[in-house]
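J.: Structure file upload-v2.pdb (PDB, N, CA and C atoms) right here:
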```pdb
ATOM      1  N   MET Y1214       0.832  -1.177   0.000
ATOM      2  CA  MET Y1214       0.000   0.000   0.000
ATOM      3  C   MET Y1214       0.882   1.247   0.000
ATOM      4  N   TYR Y1215       0.470   2.261  -0.713
ATOM      5  CA  TYR Y1215       1.231   3.497  -0.840
ATOM      6  C   TYR Y1215       1.094   4.314   0.432
ATOM      7  N   ARG Y1216       2.217   4.739   0.983
ATOM      8  CA  ARG Y1216       2.206   5.583   2.175
ATOM      9  C   ARG Y1216       2.451   7.022   1.761
ATOM     10  N   ASN Y1217       1.717   7.896   2.375
ATOM     11  CA  ASN Y1217       1.848   9.309   2.092
ATOM     12  C   ASN Y1217       2.695   9.932   3.198
ATOM     13  N   THR Y1218       3.930  10.314   2.908
ATOM     14  CA  THR Y1218       4.830  10.888   3.900
ATOM     15  C   THR Y1218       4.976  12.377   3.633
ATOM     16  N   LYS Y1219       4.743  13.185   4.685
ATOM     17  CA  LYS Y1219       4.824  14.632   4.540
ATOM     18  C   LYS Y1219       5.611  15.221   5.696
ATOM     19  N   VAL Y1220       6.092  16.439   5.501
ATOM     20  CA  VAL Y1220       6.766  17.183   6.556
ATOM     21  C   VAL Y1220       5.750  18.164   7.115
ATOM     22  N   ALA Y1221       5.551  18.125   8.442
ATOM     23  CA  ALA Y1221       4.601  19.017   9.092
ATOM     24  C   ALA Y1221       5.362  20.007   9.961
ATOM     25  N   THR Y1222       4.909  21.272   9.952
ATOM     26  CA  THR Y1222       5.525  22.320  10.760
ATOM     27  C   THR Y1222       4.506  22.810  11.775
ATOM     28  N   CYS Y1223       4.924  22.960  13.035
ATOM     29  CA  CYS Y1223       4.039  23.419  14.102
ATOM     30  C   CYS Y1223       3.754  24.913  13.924
ATOM     31  N   CYS Y1224       2.498  25.323  14.205
ATOM     32  CA  CYS Y1224       2.117  26.734  14.078
ATOM     33  C   CYS Y1224       2.787  27.610  15.129
ATOM     34  N   TYR Y1225       3.006  27.080  16.319
ATOM     35  CA  TYR Y1225       3.481  27.896  17.430
ATOM     36  C   TYR Y1225       4.984  27.786  17.669
ATOM     37  N   CYS Y1226       5.495  26.568  17.814
ATOM     38  CA  CYS Y1226       6.911  26.437  18.170
ATOM     39  C   CYS Y1226       7.810  26.258  16.952
ATOM     40  N   GLY Y1227       7.261  25.923  15.792
ATOM     41  CA  GLY Y1227       8.044  25.835  14.568
ATOM     42  C   GLY Y1227       8.817  24.541  14.393
ATOM     43  N   THR Y1228       8.603  23.555  15.260
ATOM     44  CA  THR Y1228       9.307  22.280  15.090
ATOM     45  C   THR Y1228       8.748  21.546  13.890
ATOM     46  N   ARG Y1229       9.581  20.729  13.303
ATOM     47  CA  ARG Y1229       9.172  19.962  12.127
ATOM     48  C   ARG Y1229       9.160  18.489  12.468
ATOM     49  N   ALA Y1230       8.233  17.772  11.860
ATOM     50  CA  ALA Y1230       8.141  16.336  12.094
ATOM     51  C   ALA Y1230       7.762  15.650  10.796
ATOM     52  N   ALA Y1231       8.288  14.443  10.602
ATOM     53  CA  ALA Y1231       7.899  13.641   9.441
ATOM     54  C   ALA Y1231       6.591  12.959   9.791
ATOM     55  N   LEU Y1232       5.594  13.168   8.985
ATOM     56  CA  LEU Y1232       4.255  12.671   9.255
ATOM     57  C   LEU Y1232       3.928  11.592   8.240
ATOM     58  N   VAL Y1233       3.632  10.378   8.718
ATOM     59  CA  VAL Y1233       3.259   9.275   7.840
ATOM     60  C   VAL Y1233       1.757   9.097   7.965
ATOM     61  N   LEU Y1234       1.041   9.393   6.901
ATOM     62  CA  LEU Y1234      -0.413   9.287   6.921
ATOM     63  C   LEU Y1234      -0.827   7.964   6.285
ATOM     64  N   ASP Y1235      -1.419   7.104   7.089
ATOM     65  CA  ASP Y1235      -2.011   5.880   6.558
ATOM     66  C   ASP Y1235      -3.303   5.629   7.324
ATOM     67  N   GLN Y1236      -3.916   4.480   7.186
ATOM     68  CA  GLN Y1236      -5.234   4.253   7.777
ATOM     69  C   GLN Y1236      -5.200   4.226   9.302
ATOM     70  N   GLY Y1237      -4.117   3.795   9.903
ATOM     71  CA  GLY Y1237      -4.046   3.675  11.354
ATOM     72  C   GLY Y1237      -3.571   4.929  12.067
ATOM     73  N   ARG Y1238      -2.830   5.797  11.406
ATOM     74  CA  ARG Y1238      -2.219   6.947  12.084
ATOM     75  C   ARG Y1238      -2.633   8.255  11.424
ATOM     76  N   HIS Y1239      -3.188   9.141  12.216
ATOM     77  CA  HIS Y1239      -3.490  10.501  11.758
ATOM     78  C   HIS Y1239      -3.160  11.447  12.898
ATOM     79  N   GLU Y1240      -1.875  11.735  13.086
ATOM     80  CA  GLU Y1240      -1.448  12.630  14.154
ATOM     81  C   GLU Y1240      -1.321  14.032  13.572
ATOM     82  N   LEU Y1241      -2.195  14.922  13.994
ATOM     83  CA  LEU Y1241      -2.142  16.289  13.500
ATOM     84  C   LEU Y1241      -1.907  17.278  14.633
ATOM     85  N   ALA Y1242      -1.217  16.832  15.700
ATOM     86  CA  ALA Y1242      -0.868  17.708  16.812
ATOM     87  C   ALA Y1242       0.639  17.619  17.032
ATOM     88  N   CYS Y1243       1.226  18.730  17.473
ATOM     89  CA  CYS Y1243       2.665  18.795  17.707
ATOM     90  C   CYS Y1243       3.029  17.942  18.917
ATOM     91  N   ALA Y1244       4.109  17.194  18.832
ATOM     92  CA  ALA Y1244       4.553  16.357  19.947
ATOM     93  C   ALA Y1244       5.185  17.201  21.047
ATOM     94  N   ALA Y1245       5.736  18.376  20.704
ATOM     95  CA  ALA Y1245       6.411  19.208  21.697
ATOM     96  C   ALA Y1245       5.433  20.066  22.497
ATOM     97  N   CYS Y1246       4.491  20.729  21.820
ATOM     98  CA  CYS Y1246       3.613  21.664  22.529
ATOM     99  C   CYS Y1246       2.131  21.325  22.412
ATOM    100  N   GLY Y1247       1.744  20.404  21.559
ATOM    101  CA  GLY Y1247       0.347  19.997  21.420
ATOM    102  C   GLY Y1247      -0.467  20.871  20.488
ATOM    103  N   ALA Y1248       0.152  21.831  19.833
ATOM    104  CA  ALA Y1248      -0.549  22.730  18.919
ATOM    105  C   ALA Y1248      -0.844  22.006  17.607
ATOM    106  N   PRO Y1249      -1.828  22.494  16.853
ATOM    107  CA  PRO Y1249      -2.134  21.848  15.575
ATOM    108  C   PRO Y1249      -1.000  22.035  14.568
ATOM    109  N   LEU Y1250      -0.828  21.040  13.717
ATOM    110  CA  LEU Y1250       0.220  21.089  12.697
ATOM    111  C   LEU Y1250      -0.338  21.702  11.422
ATOM    112  N   SER Y1251       0.509  22.487  10.744
ATOM    113  CA  SER Y1251       0.096  23.099   9.483
ATOM    114  C   SER Y1251       1.262  23.070   8.523
ATOM    115  N   GLU Y1252       1.069  23.667   7.365
ATOM    116  CA  GLU Y1252       2.099  23.749   6.326
ATOM    117  C   GLU Y1252       2.646  22.370   5.985
ATOM    118  N   LEU Y1253       1.771  21.473   5.573
ATOM    119  CA  LEU Y1253       2.194  20.130   5.190
ATOM    120  C   LEU Y1253       2.814  20.180   3.806
ATOM    121  N   LYS Y1254       3.997  19.626   3.675
ATOM    122  CA  LYS Y1254       4.695  19.565   2.392
ATOM    123  C   LYS Y1254       5.094  18.125   2.137
ATOM    124  N   SER Y1255       4.931  17.676   0.907
ATOM    125  CA  SER Y1255       5.319  16.313   0.552
ATOM    126  C   SER Y1255       6.828  16.226   0.414
ATOM    127  N   PHE Y1256       7.386  15.064   0.762
ATOM    128  CA  PHE Y1256       8.803  14.820   0.536
ATOM    129  C   PHE Y1256       9.055  14.723  -0.955
ATOM    130  N   ARG Y1257      10.201  15.177  -1.380
ATOM    131  CA  ARG Y1257      10.580  15.025  -2.783
ATOM    132  C   ARG Y1257      10.959  13.573  -3.031
ATOM    133  N   PRO Y1258      10.583  13.031  -4.163
ATOM    134  CA  PRO Y1258      11.001  11.651  -4.453
ATOM    135  C   PRO Y1258      12.510  11.585  -4.618
ATOM    136  N   GLN Y1259      13.100  10.500  -4.137
ATOM    137  CA  GLN Y1259      14.547  10.355  -4.229
ATOM    138  C   GLN Y1259      14.946  10.127  -5.674
ATOM    139  N   LYS Y1260      15.966  10.847  -6.091
ATOM    140  CA  LYS Y1260      16.459  10.709  -7.456
ATOM    141  C   LYS Y1260      17.326   9.467  -7.535
ATOM    142  N   THR Y1261      17.168   8.748  -8.611
ATOM    143  CA  THR Y1261      17.997   7.573  -8.832
ATOM    144  C   THR Y1261      18.787   7.787 -10.110
ATOM    145  N   GLY Y1262      19.884   7.105 -10.203
ATOM    146  CA  GLY Y1262      20.701   7.224 -11.399
ATOM    147  C   GLY Y1262      21.893   8.112 -11.156
ATOM    148  N   ARG Y1263      22.516   8.511 -12.241
ATOM    149  CA  ARG Y1263      23.738   9.295 -12.156
ATOM    150  C   ARG Y1263      23.409  10.770 -11.997
ATOM    151  N   LYS Y1264      24.290  11.473 -11.330
ATOM    152  CA  LYS Y1264      24.137  12.909 -11.185
ATOM    153  C   LYS Y1264      24.601  13.589 -12.462
ATOM    154  N   SER Y1265      23.969  14.699 -12.766
ATOM    155  CA  SER Y1265      24.385  15.449 -13.943
ATOM    156  C   SER Y1265      25.648  16.233 -13.600
ATOM    157  N   PRO Y1266      26.533  16.425 -14.561
ATOM    158  CA  PRO Y1266      27.765  17.170 -14.274
ATOM    159  C   PRO Y1266      27.427  18.625 -13.966
ATOM    160  N   SER Y1267      28.199  19.222 -13.088
ATOM    161  CA  SER Y1267      27.914  20.604 -12.718
ATOM    162  C   SER Y1267      28.237  21.530 -13.891
ATOM    163  N   LYS Y1268      27.537  22.627 -13.934
ATOM    164  CA  LYS Y1268      27.676  23.550 -15.054
ATOM    165  C   LYS Y1268      28.848  24.507 -14.869
ATOM    166  N   ASN Y1269      29.403  24.552 -13.667
ATOM    167  CA  ASN Y1269      30.462  25.515 -13.386
ATOM    168  C   ASN Y1269      31.851  25.013 -13.736
ATOM    169  N   ILE Y1270      31.965  23.812 -14.239
ATOM    170  CA  ILE Y1270      33.274  23.280 -14.589
ATOM    171  C   ILE Y1270      33.741  23.969 -15.871
ATOM    172  N   SER Y1271      34.900  24.583 -15.812
ATOM    173  CA  SER Y1271      35.426  25.265 -16.991
ATOM    174  C   SER Y1271      36.807  24.716 -17.312
ATOM    175  N   LYS Y1272      37.155  24.816 -18.565
ATOM    176  CA  LYS Y1272      38.461  24.348 -19.008
ATOM    177  C   LYS Y1272      39.510  25.379 -18.618
ATOM    178  N   PRO Y1273      40.711  24.935 -18.314
ATOM    179  CA  PRO Y1273      41.761  25.908 -17.985
ATOM    180  C   PRO Y1273      42.114  26.743 -19.210
ATOM    181  N   LYS Y1274      42.474  27.998 -18.946
ATOM    182  CA  LYS Y1274      42.822  28.892 -20.048
ATOM    183  C   LYS Y1274      44.128  28.457 -20.692
ATOM    184  N   LYS Y1275      44.184  28.614 -22.000
ATOM    185  CA  LYS Y1275      45.415  28.327 -22.726
ATOM    186  C   LYS Y1275      46.197  29.630 -22.837
ATOM    187  N   TYR Y1276      47.422  29.584 -22.422
ATOM    188  CA  TYR Y1276      48.265  30.767 -22.457
ATOM    189  C   TYR Y1276      49.197  30.708 -23.662
ATOM    190  N   LYS Y1277      49.332  31.846 -24.324
ATOM    191  CA  LYS Y1277      50.261  31.936 -25.438
ATOM    192  C   LYS Y1277      51.646  32.189 -24.873
ATOM    193  N   LYS Y1278      52.619  31.586 -25.488
ATOM    194  CA  LYS Y1278      53.989  31.824 -25.061
ATOM    195  C   LYS Y1278      54.403  33.211 -25.523
ATOM    196  N   LYS Y1279      55.011  33.948 -24.622
ATOM    197  CA  LYS Y1279      55.481  35.281 -24.969
ATOM    198  C   LYS Y1279      56.819  35.176 -25.683
ATOM    199  N   ILE Y1280      56.971  36.009 -26.688
ATOM    200  CA  ILE Y1280      58.239  36.051 -27.407
ATOM    201  C   ILE Y1280      59.202  36.879 -26.567
ATOM    202  N   GLY Y1281      60.334  36.320 -26.272
ATOM    203  CA  GLY Y1281      61.314  37.012 -25.444
ATOM    204  C   GLY Y1281      61.924  38.206 -26.149
ATOM    205  N   LYS Y1282      62.559  39.078 -25.387
ATOM    206  CA  LYS Y1282      63.176  40.278 -25.953
ATOM    207  C   LYS Y1282      64.294  39.917 -26.920
ATOM    208  N   LYS Y1283      65.008  38.847 -26.631
ATOM    209  CA  LYS Y1283      66.106  38.452 -27.513
ATOM    210  C   LYS Y1283      65.569  38.039 -28.872
ATOM    211  N   LYS Y1284      64.463  37.298 -28.872
ATOM    212  CA  LYS Y1284      63.908  36.849 -30.149
ATOM    213  C   LYS Y1284      63.382  38.026 -30.952
ATOM    214  N   VAL Y1285      62.744  38.982 -30.282
ATOM    215  CA  VAL Y1285      62.217  40.152 -30.986
ATOM    216  C   VAL Y1285      63.369  40.973 -31.555
ATOM    217  N   GLY Y1286      64.413  41.172 -30.757
ATOM    218  CA  GLY Y1286      65.576  41.936 -31.226
ATOM    219  C   GLY Y1286      66.257  41.250 -32.389
ATOM    220  N   LYS Y1287      66.390  39.931 -32.308
ATOM    221  CA  LYS Y1287      67.036  39.169 -33.380
ATOM    222  C   LYS Y1287      66.187  39.220 -34.649
ATOM    223  N   LEU Y1288      64.857  39.117 -34.495
ATOM    224  CA  LEU Y1288      63.947  39.178 -35.631
ATOM    225  C   LEU Y1288      64.028  40.552 -36.295
ATOM    226  N   PHE Y1289      64.043  41.591 -35.504
ATOM    227  CA  PHE Y1289      64.157  42.948 -36.036
ATOM    228  C   PHE Y1289      65.482  43.148 -36.767
ATOM    229  N   GLU Y1290      66.534  42.608 -36.195
ATOM    230  CA  GLU Y1290      67.857  42.707 -36.816
ATOM    231  C   GLU Y1290      67.883  41.967 -38.149
ATOM    232  N   ASP Y1291      67.274  40.780 -38.220
ATOM    233  CA  ASP Y1291      67.220  40.017 -39.472
ATOM    234  C   ASP Y1291      66.436  40.773 -40.540
ATOM    235  N   ILE Y1292      65.350  41.421 -40.136
ATOM    236  CA  ILE Y1292      64.553  42.189 -41.100
ATOM    237  C   ILE Y1292      65.370  43.355 -41.644
ATOM    238  N   LEU Y1293      66.095  44.039 -40.786
ATOM    239  CA  LEU Y1293      66.939  45.151 -41.245
ATOM    240  C   LEU Y1293      68.035  44.660 -42.186
ATOM    241  N   ASP Y1294      68.603  43.481 -41.908
ATOM    242  CA  ASP Y1294      69.626  42.914 -42.795
ATOM    243  C   ASP Y1294      69.038  42.610 -44.164
ATOM    244  N   GLU Y1295      67.835  42.062 -44.201
ATOM    245  CA  GLU Y1295      67.192  41.745 -45.482
ATOM    246  C   GLU Y1295      66.907  43.025 -46.270
ATOM    247  N   ILE Y1296      66.437  44.054 -45.573
ATOM    248  CA  ILE Y1296      66.172  45.328 -46.252
ATOM    249  C   ILE Y1296      67.489  45.927 -46.765
ATOM    250  N   GLY Y1297      68.534  45.824 -45.968
ATOM    251  CA  GLY Y1297      69.849  46.320 -46.401
ATOM    252  C   GLY Y1297      70.355  45.561 -47.606
ATOM    253  N   ASP Y1298      70.114  44.235 -47.670
ATOM    254  CA  ASP Y1298      70.534  43.429 -48.815
ATOM    255  C   ASP Y1298      69.766  43.823 -50.073
ATOM    256  N   LEU Y1299      68.519  44.225 -49.934
ATOM    257  CA  LEU Y1299      67.728  44.632 -51.093
ATOM    258  C   LEU Y1299      68.304  45.904 -51.728
ATOM    259  N   PHE Y1300      68.747  46.834 -50.924
ATOM    260  CA  PHE Y1300      69.288  48.088 -51.450
ATOM    261  C   PHE Y1300      70.718  47.940 -51.966
ATOM    262  N   ASP Y1301      71.410  46.920 -51.564
ATOM    263  CA  ASP Y1301      72.791  46.722 -52.036
ATOM    264  C   ASP Y1301      72.785  46.109 -53.368
TER     265      ASP Y1301
END
```
Give the structure from this file in structure tokens form.

T.:
Amino acid sequence: MYRNTKVATCCYCGTRAALVLDQGRHELACAACGAPLSELKSFRPQKTGRKSPSKNISKPKKYKKKIGKKKVGKLFEDILDEIGDLFD
């Protein structure tokens, strides 16, 4: 038989209790203070299966290698040599 399980919150003291409603049990009073229970909410069904991957996972950034000063100077020098060879 299907059992109806709900979370009940007390109107006065605010305590919460798991309430199982079936043919034999109908407790609608707070166990701590005796006040009537209200705000009945059903339990969420338990999820089965695999969890979905989180959306916040990001790939690490790819960094470009910086050209060193020596390489830039050498490249500039080679370009000037080529230009000088053209005029000679």

J.: Enter the distance from CA of Lys1277 (chain Y) to CA of Asp1294 (chain Y), in Å, rounded to one decimal.

T.: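 Separation of CA of Lys1277 (chain Y) and CA of Asp1294 (chain Y): 28.2 Å.
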
J.: Quick one: pull the distance between CA of Lys1219 (chain Y) and CA of Ala1231 (chain Y), Å, one decimal.

T.: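 Computed distance, CA of Lys1219 (chain Y) to CA of Ala1231 (chain Y), equals 5.9 Å.
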
J.: Let me make sure I understand: among Y:Ile1270, Y:Arg1263, Y:Cys1226, Y:Asp1301, which one has the smallest atom-to-atom distance to Ala1242 (chain Y) if we use only C-alpha atoms?

T.: Y:Cys1226

J.: What does the distance between CA of Glu1295 (chain Y) and atom C of Lys1279 (chain Y) come to in Å, to one decimal place?

T.: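 That distance, rounded to one decimal, is 23.3 Å.
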
J.: Considering only N, CA and C atoms, return as a PDB file with N, CA and C atoms, in the coordinates of the input whatever protein or nucleic-acid residues lie within 8 Å of Ala1244 (chain Y), sequence-local ones (same chain, fewer than 4 positions apart) excluded.

T.:
```
ATOM      1  N   CYS Y1223       4.924  22.960  13.035  1.00  0.00           N
ATOM      2  CA  CYS Y1223       4.039  23.419  14.102  1.00  0.00           C
ATOM      3  C   CYS Y1223       3.754  24.913  13.924  1.00  0.00           C
ATOM      4  N   ALA Y1230       8.233  17.772  11.860  1.00  0.00           N
ATOM      5  CA  ALA Y1230       8.141  16.336  12.094  1.00  0.00           C
ATOM      6  C   ALA Y1230       7.762  15.650  10.796  1.00  0.00           C
ATOM      7  N   ALA Y1248       0.152  21.831  19.833  1.00  0.00           N
ATOM      8  CA  ALA Y1248      -0.549  22.730  18.919  1.00  0.00           C
ATOM      9  C   ALA Y1248      -0.844  22.006  17.607  1.00  0.00           C
TER      10      ALA Y1248
END
```

J.: Could you tell me which of Y:Leu1288, Y:Val1220, Y:Cys1246, Y:Ile1296 comes closest to Leu1232 (chain Y) if we count all atoms listed in the file?

T.: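 Of Y:Leu1288, Y:Val1220, Y:Cys1246, Y:Ile1296, the one nearest Leu1232 (chain Y), counting all atoms listed in the file, is Y:Val1220.
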